Amino acid sequence: MKRSITYLLLLLLATQVVAQRLPQRSIPPKRELRSAWVSTVWGIDWPKQGASPASQKAELVRMLDSLKANNFNAINLQVRSMSDALYESSLEPWSSYLTGTRGKYPGYDPLAFAVSECHKRGMEIHAWINPYRFSISTTWRHPLDAEAKKHLLHWGKFYILDPSQQWTINRIVSVCREVVTKYDVDGILYDDYFYPEGISSSISAPDYKTWQNSGTTMSFGDWRRNNVNRMIKAVYAMIQQVKPWVRYGISPAGVACTSQQLADKYGVDRCTSGSDWQYNGIFSDPLAWLQGKMIDYIAPQVYWRIGFKRADFSVLAPWWCKTARHFSRPAFVSMGVDKLVSTSEFPEWVQQTEILRKNCAPDQGGTIFWSVRNLYNKPGLSEQLCHYLKRTVYTTPSLVPIATWRNQIARKAPVVNFLKRENAQLKWQLIPRLRYTVYAFPKQMSKEQFRTEAKYLVSVVYNPESQADEVTFTIPAHLRTGYQFAVCPYDRYGNEYPPTFSN
């Protein structure tokens, strides 16, 4: 008996210690971006270079199935990494990371396939574009590269499209226009590559004479930053004209505005952790984009741990959240899981998620994990991180945040008409340029009691790719008995409208 009591006391003590170590969890918000970087350059995440189309497609399907099952709602797919294309482009050659040969047709259109598969699962897909990078340590020889090679800036091993040239701005606008008009993407996202890291700011700089001859009164650094800003502003204007519901974001380096002078310029608090090397290093000024309303979201790469002395996540992430709120934009903070080696590290990202939920504007936060393979396919782990996140902080599905700054135009609330249930399917009349949210709630609950809470959310449904005038949703097997259903119009800006109930 004493041995049993001693054992129980030890078990209780151990439970208390574990409980103290586990981060306190909030109720998951209904709106929160839960995404992952899908890197295609050098085949980091996908696809396996040279594999058959069937194999590459199956690999992507496995990835999306895992993310969907674990309550993620988006991916950021790299579609242009070296002035190339992971899609059928009239401007640039097929990416060599598909087949091993630049310009070689891979046998299918990867972006078209990815858009279709994401939307089948109710997930958003944001096309990740590197705007300037042309090549590293080499120059390409494909015919479609000939014009770009006339407009390069070379420093060290980097060849980039020269940001000072109007040709470069026009090319990047054209690339983004082609992606936005030909493909039903939900967003465009840049990463943190602008001017080459380490580029000289002295007379030895390859663009020094260009700056001197430009006639500008700006300093060399301000001129470079302005070149970047002009491109960003031009792409944003194009998207507003072509498809204003497509969100445009940038993922800068994770530390900015450590200078009090710069903080005063933008009317924000100074960032007190880390070193801002991007402002004068790669001539990236994220606060200019926020203040100028040139982007729809900021996704800073805060790839450090909580308590890391040189760059502390618990200081940096709240600063980005507060700064984004100041400019009425969401912060979708990018977290680094690429150094993950053990399941004992998993609570770190639960704590980081809770920090974001506490500091971001309500229903305006989220995360993009770097990178996707470490979420669902990390070798040597007894459990994958995406499963752990679902058990802890992603316990219910979520919708993406509303783009409130796009709601200036009064819209008549759309209504789902002719909703009916036919055995294992729900069907309703299609509404052009719209999505829908589907909810399942217990039959004993009255329609008056029902609320569109995340715990009842089953899926997001996009309009069919065909010319059908009816939308069909197959009810998951575990919901076919004991549940009734509601369908809400859900527009591309993220607004959700009142439900219609099934018969």
# chains A, B, ... in the order shown; residues from 1 in each chain; ligands from 1
>>> residues_around(residues="segment 487-494 of chain A", least_positions_apart="4", cutoff="6 Å", atoms="only C-alpha atoms", output="list in words")
Trp245, Ile402, Ala403, Leu434, Arg435, Tyr436, Thr437, Val438, Pro498, Pro499 and Thr500 of chain A
>>> write_last_selection(atoms="N, CA and C atoms", output="tab-separated table (two decimals), in the first residue's frame")
chain	number	residue	atom	x	y	z
A	245	TRP	N	-8.98	40.98	-55.26
A	245	TRP	CA	-9.10	40.06	-54.13
A	245	TRP	C	-7.82	39.24	-53.90
A	402	ILE	N	-9.94	38.42	-42.71
A	402	ILE	CA	-10.62	39.27	-43.69
A	402	ILE	C	-9.69	40.40	-44.11
A	403	ALA	N	-9.67	40.71	-45.40
A	403	ALA	CA	-8.93	41.87	-45.90
A	403	ALA	C	-9.83	43.10	-45.74
A	434	LEU	N	-17.07	33.34	-56.12
A	434	LEU	CA	-17.33	33.19	-54.70
A	434	LEU	C	-16.81	31.85	-54.21
A	435	ARG	N	-16.66	31.74	-52.89
A	435	ARG	CA	-16.42	30.49	-52.20
A	435	ARG	C	-17.54	30.30	-51.18
A	436	TYR	N	-17.46	29.18	-50.45
A	436	TYR	CA	-18.51	28.88	-49.48
A	436	TYR	C	-17.89	28.20	-48.27
A	437	THR	N	-18.48	28.42	-47.11
A	437	THR	CA	-18.10	27.67	-45.92
A	437	THR	C	-19.22	26.68	-45.62
A	438	VAL	N	-18.84	25.47	-45.25
A	438	VAL	CA	-19.81	24.42	-44.94
A	438	VAL	C	-19.67	24.05	-43.46
A	498	PRO	N	-24.43	35.40	-44.10
A	498	PRO	CA	-25.34	34.55	-43.33
A	498	PRO	C	-25.60	33.20	-43.98
A	499	PRO	N	-25.86	32.18	-43.15
A	499	PRO	CA	-26.01	30.80	-43.65
A	499	PRO	C	-27.38	30.51	-44.26
A	500	THR	N	-27.36	29.53	-45.14
A	500	THR	CA	-28.58	28.87	-45.62
A	500	THR	C	-28.50	27.44	-45.10
>>> closest_atom_pairs(of="segment 123-167 of chain A", to="segment 218-233 of chain A", cutoff="12 Å", atoms="only C-alpha atoms", output="JSON lines")
{"residue": "A:Pro131", "atom": "CA", "partner": "A:Met231", "partner_atom": "CA", "distance": 9.2}
{"residue": "A:Tyr132", "atom": "CA", "partner": "A:Val228", "partner_atom": "CA", "distance": 9.7}
{"residue": "A:Leu161", "atom": "CA", "partner": "A:Val228", "partner_atom": "CA", "distance": 11.4}
{"residue": "A:Asp162", "atom": "CA", "partner": "A:Asn227", "partner_atom": "CA", "distance": 9.3}
{"residue": "A:Pro163", "atom": "CA", "partner": "A:Asn227", "partner_atom": "CA", "distance": 5.7}
{"residue": "A:Ser164", "atom": "CA", "partner": "A:Asn227", "partner_atom": "CA", "distance": 5.3}
{"residue": "A:Gln165", "atom": "CA", "partner": "A:Asn227", "partner_atom": "CA", "distance": 8.2}
{"residue": "A:Gln166", "atom": "CA", "partner": "A:Met231", "partner_atom": "CA", "distance": 8.8}
{"residue": "A:Trp167", "atom": "CA", "partner": "A:Met231", "partner_atom": "CA", "distance": 10.4}
>>> residues_around(residues="segment 176-183 of chain A", least_positions_apart="4", cutoff="12 Å", atoms="only C-alpha atoms", output="ChimeraX atom specification")
/A:78-80,83,85-92,109-116,119,125-131,169-172,187-190,231-232,234-248,465
>>> closest_residue(among="A:Pro300, A:Gly100, A:Pro318, A:Pro252", to="Thr272 of chain A", atoms="only C-alpha atoms")
A:Pro318
>>> select_by_dssp(residues="segment 272-442 of chain A", states="strand (DSSP E or B)", output="number ranges by chain")
A: 297-298, 301, 331-336, 365-370, 399, 420-422, 425-429, 435-442
>>> closest_residue(among="A:Asp184, A:Asp84, A:Glu470, A:Glu453", to="Cys118 of chain A", atoms="only C-alpha atoms")
A:Asp184
>>> select_by_dssp(residues="segment 326-476 of chain A", states="alpha helix (DSSP H)", output="list in words")
His326, Phe346, Pro347, Glu348, Trp349, Val350, Gln351, Gln352, Thr353, Glu354, Ile355, Leu356, Arg357, Lys358, Asn359, Arg373, Asn374, Leu375, Tyr376, Leu385, Cys386, His387, Tyr388, Leu389, Lys390, Arg391 and Thr392 of chain A
>>> atom_distance(atom1="atom CA of Pro414 of chain A", atom2="atom CA of Ser466 of chain A")
21.2 Å
>>> residues_around(residues="Asp192 of chain A", least_positions_apart="5", cutoff="8 Å", atoms="only C-alpha atoms", output="list in words")
Ile250, Ser251, Pro252 and Ala253 of chain A
>>> residues_around(residues="Asn71 of chain A", least_positions_apart="3", cutoff="9 Å", atoms="only C-alpha atoms", output="list in words")
Arg34, Ser66, Leu67, Lys68, Cys386, Leu389, Lys390, Tyr394, Thr395, Thr396, Pro397 and Ser398 of chain A
>>> residues_around(residues="Arg270 of chain A", least_positions_apart="6", cutoff="10 Å", atoms="only C-alpha atoms", output="ChimeraX atom specification")
/A:256-264,319,323
>>> atom_distance(atom1="atom CA of Ser502 of chain A", atom2="atom CA of Gln484 of chain A")
7.0 Å
